[in-house]
Amino acid sequence: MLIDLESTGKAALDNSYDICISGSGPAGLTLALKLAKKHYRILLLEAGGLTYTEASNKVYVGTNTGLDYFPSNVCRQRFFGGTSNHWGGWCHALNTEDFEVRDYVPYSGWPIKKRSLDPYYAETAAILDIKTSTAPDYLQLLGKDPNLEKIDFSYSLPITRFGTKYRKTVESSRNITCVLNANVVDIKLNENADAVSSMMLSNFTGENFETEADYYVLCHGGMENPRTLLNANRQVKHGIGNGNDLVGRFFMEHPHFNVATALLNYEHPAFARYASMKQADFKTAFYEPRAAFQKKNKILNFGLRFRPREGTGTPPHHSSFKERLKRFVCESDTLLPIADDLKGEKRVNCPHDLSLKTASEPSPNPDSQIKLAKAVDRFGNPRIDVDWRLTQLDKHTLRQSALEAGRILAQKDLGRVRLSDWLIDSSLTFPDTAHDEVGGNHHMGTTRMASSPEQGVVNENLQVFGIRNLYIGGSSVFPTSGHANPTFTIVQLSLRLADHLNSRMNRD
Ligand SMILES: Cc1cc2nc3c(=O)[nH]c(=O)nc-3n(C[C@H](O)[C@H](O)[C@H](O)COP(=O)(O)OP(=O)(O)OC[C@H]3O[C@@H](n4cnc5c(N)ncnc54)[C@H](O)[C@@H]3O)c2cc1C
């Protein structure tokens, strides 16, 4: 059933529910739909309506005080279906090593292994309509490399918009009561402050409500899950689950930066076979570092993209590789001051055939944080302040990805790579949103999963430490994130959480 708190939905809040799930993005809807098959009475709360509204979106407005980042009301969506309403559909599961402790990566290691999520792979692939790309890779030229491995990305095709795909199922469900325009504005605890007793709600006309269930799951996304807990500070001073000052810390986003450009040596005999290829045949090729290479070089995981520039595959007939290479070197920002004759417009024409983009695993860093800002939203709750930070380990990893691309092309004389100038510098400066993609809109780590409350906010079953009936869904629970886009893992975790709640509710 789908109802609206602005009109007919109010009476539904008086019913009793087994479980209250707040947030109808990939995390919340996956959980609700799976538990509905077990015949539980589920209350699914959604802050927005069925489509975008300015009133709901404005609640997401915040500030950025760390690295330059997207506006926080642009990098997520606040209505039925959540941010899946404009996600890109790129999917990849995490690797075995992404879950492990690495001695050179402080705070690494999940309390669960990849094998805990593997049983949910097929179910996740069906939910997300996954198709794996088998696009030909013109860089197969490289052969089997000891350091890098080619990977195939999967895509949600057609892109799964959770609100669109599952609206009818929710509408016709006898077990799910989905209430739209139901903003969770506070969480009430019992007298001992060890369980949630109710959720406090508001609609956009300013009416307030209270609703109860046996279990509660917050699925508000990686920025809003910590904000909701931090704002629930009427009974516990620094917010629910925040006894160890960890809620909102370890904010991670996959840095997405142009790390280099490459010039291909079309005079190499290997390129002869590409003469007949059409422009459209040249696709982006993805590589990741092998686990042994990561360990040896003390780097994080990364996804290195060899992206053909328009015109790639059309060897320039008028200039030799050597001539093009001269300009390629001389027109770099770093060398420009000594190349007096190359100024102005010529730089714009600097030749290159590939741009190398890396989306890397971010280092878990307690100083990278989602905090409460001074400004408040229409419900009187402090907005978010995003203080995104990267470390030397991140810069080292990004640089290493570019150097590997350089090694691979130079070793076989297939081309040469020029590092982006900001990578040569050892300072912690990174390109800003005016000049690069910066991130993937992936918000992770802010209520991290751990084996003890001193190390994280939720336990291995995603239950908030110390609050026996409160759980968290979504990428805020990731302790580390590999380089993979997060939604595949988010859905796997929700399916696993559904199994856990089902067995717990059967037991209790
Ligand atoms: C432009 C863009 C492209 C992306 N591309 C990809 C991609 O290619 N691959 C990938 O894996 N990921 C991608 N992502 C990220 C992906 O969208 C998220 O990982 C995913 O949507 C997170 O799911 P979620 O359910 O945890 O949170 P969300 O989808 O953000 O859902 C949270 C829900 O909670 C609701 N809510 C929030 N606060 C409250 C409240 N107080 N009360 C009640 N309800 C509330 C919101 O309205 C929303 O419906 C992209 C994101 C963007 C913005």
# chains A, B, ... in the order shown; residues from 1 in each chain; ligands from 1
>>> residues_around(residues="Ile127 in chain A", least_positions_apart="6", cutoff="12 Å", atoms="only C-alpha atoms", output="ChimeraX atom specification")
/A:26-27,29-31,33-34,89,91,120-121,156-162,165-166,487-488,490-492,494-495
>>> residues_near_ligand(ligand="ligand 1", cutoff="8 Å", atoms="only C-alpha atoms and all ligand atoms", output="PyMOL selection string")
chain A and resi 22-29+45-48+56+74-92+155+181-185+201+219-222+224-225+228+440-443+473-476+484-488+490
>>> atom_distance(atom1="CA of Leu497 in chain A", atom2="CA of Val464 in chain A")
12.8 Å
>>> residues_around(residues="Leu94 in chain A", least_positions_apart="5", cutoff="12 Å", atoms="only C-alpha atoms", output="number ranges by chain")
A: 99-100, 110, 113-118, 121, 153, 288, 301-303, 361, 478, 480-490, 492-493
>>> atom_distance(atom1="CA of His256 in chain A", atom2="CA of Glu437 in chain A")
5.9 Å
>>> atom_distance(atom1="CA of Gly380 in chain A", atom2="CA of Tyr60 in chain A")
13.0 Å
>>> residues_around(residues="Leu263 in chain A", least_positions_apart="6", cutoff="6 Å", atoms="only C-alpha atoms", output="ChimeraX atom specification")
/A:352-353,415-416
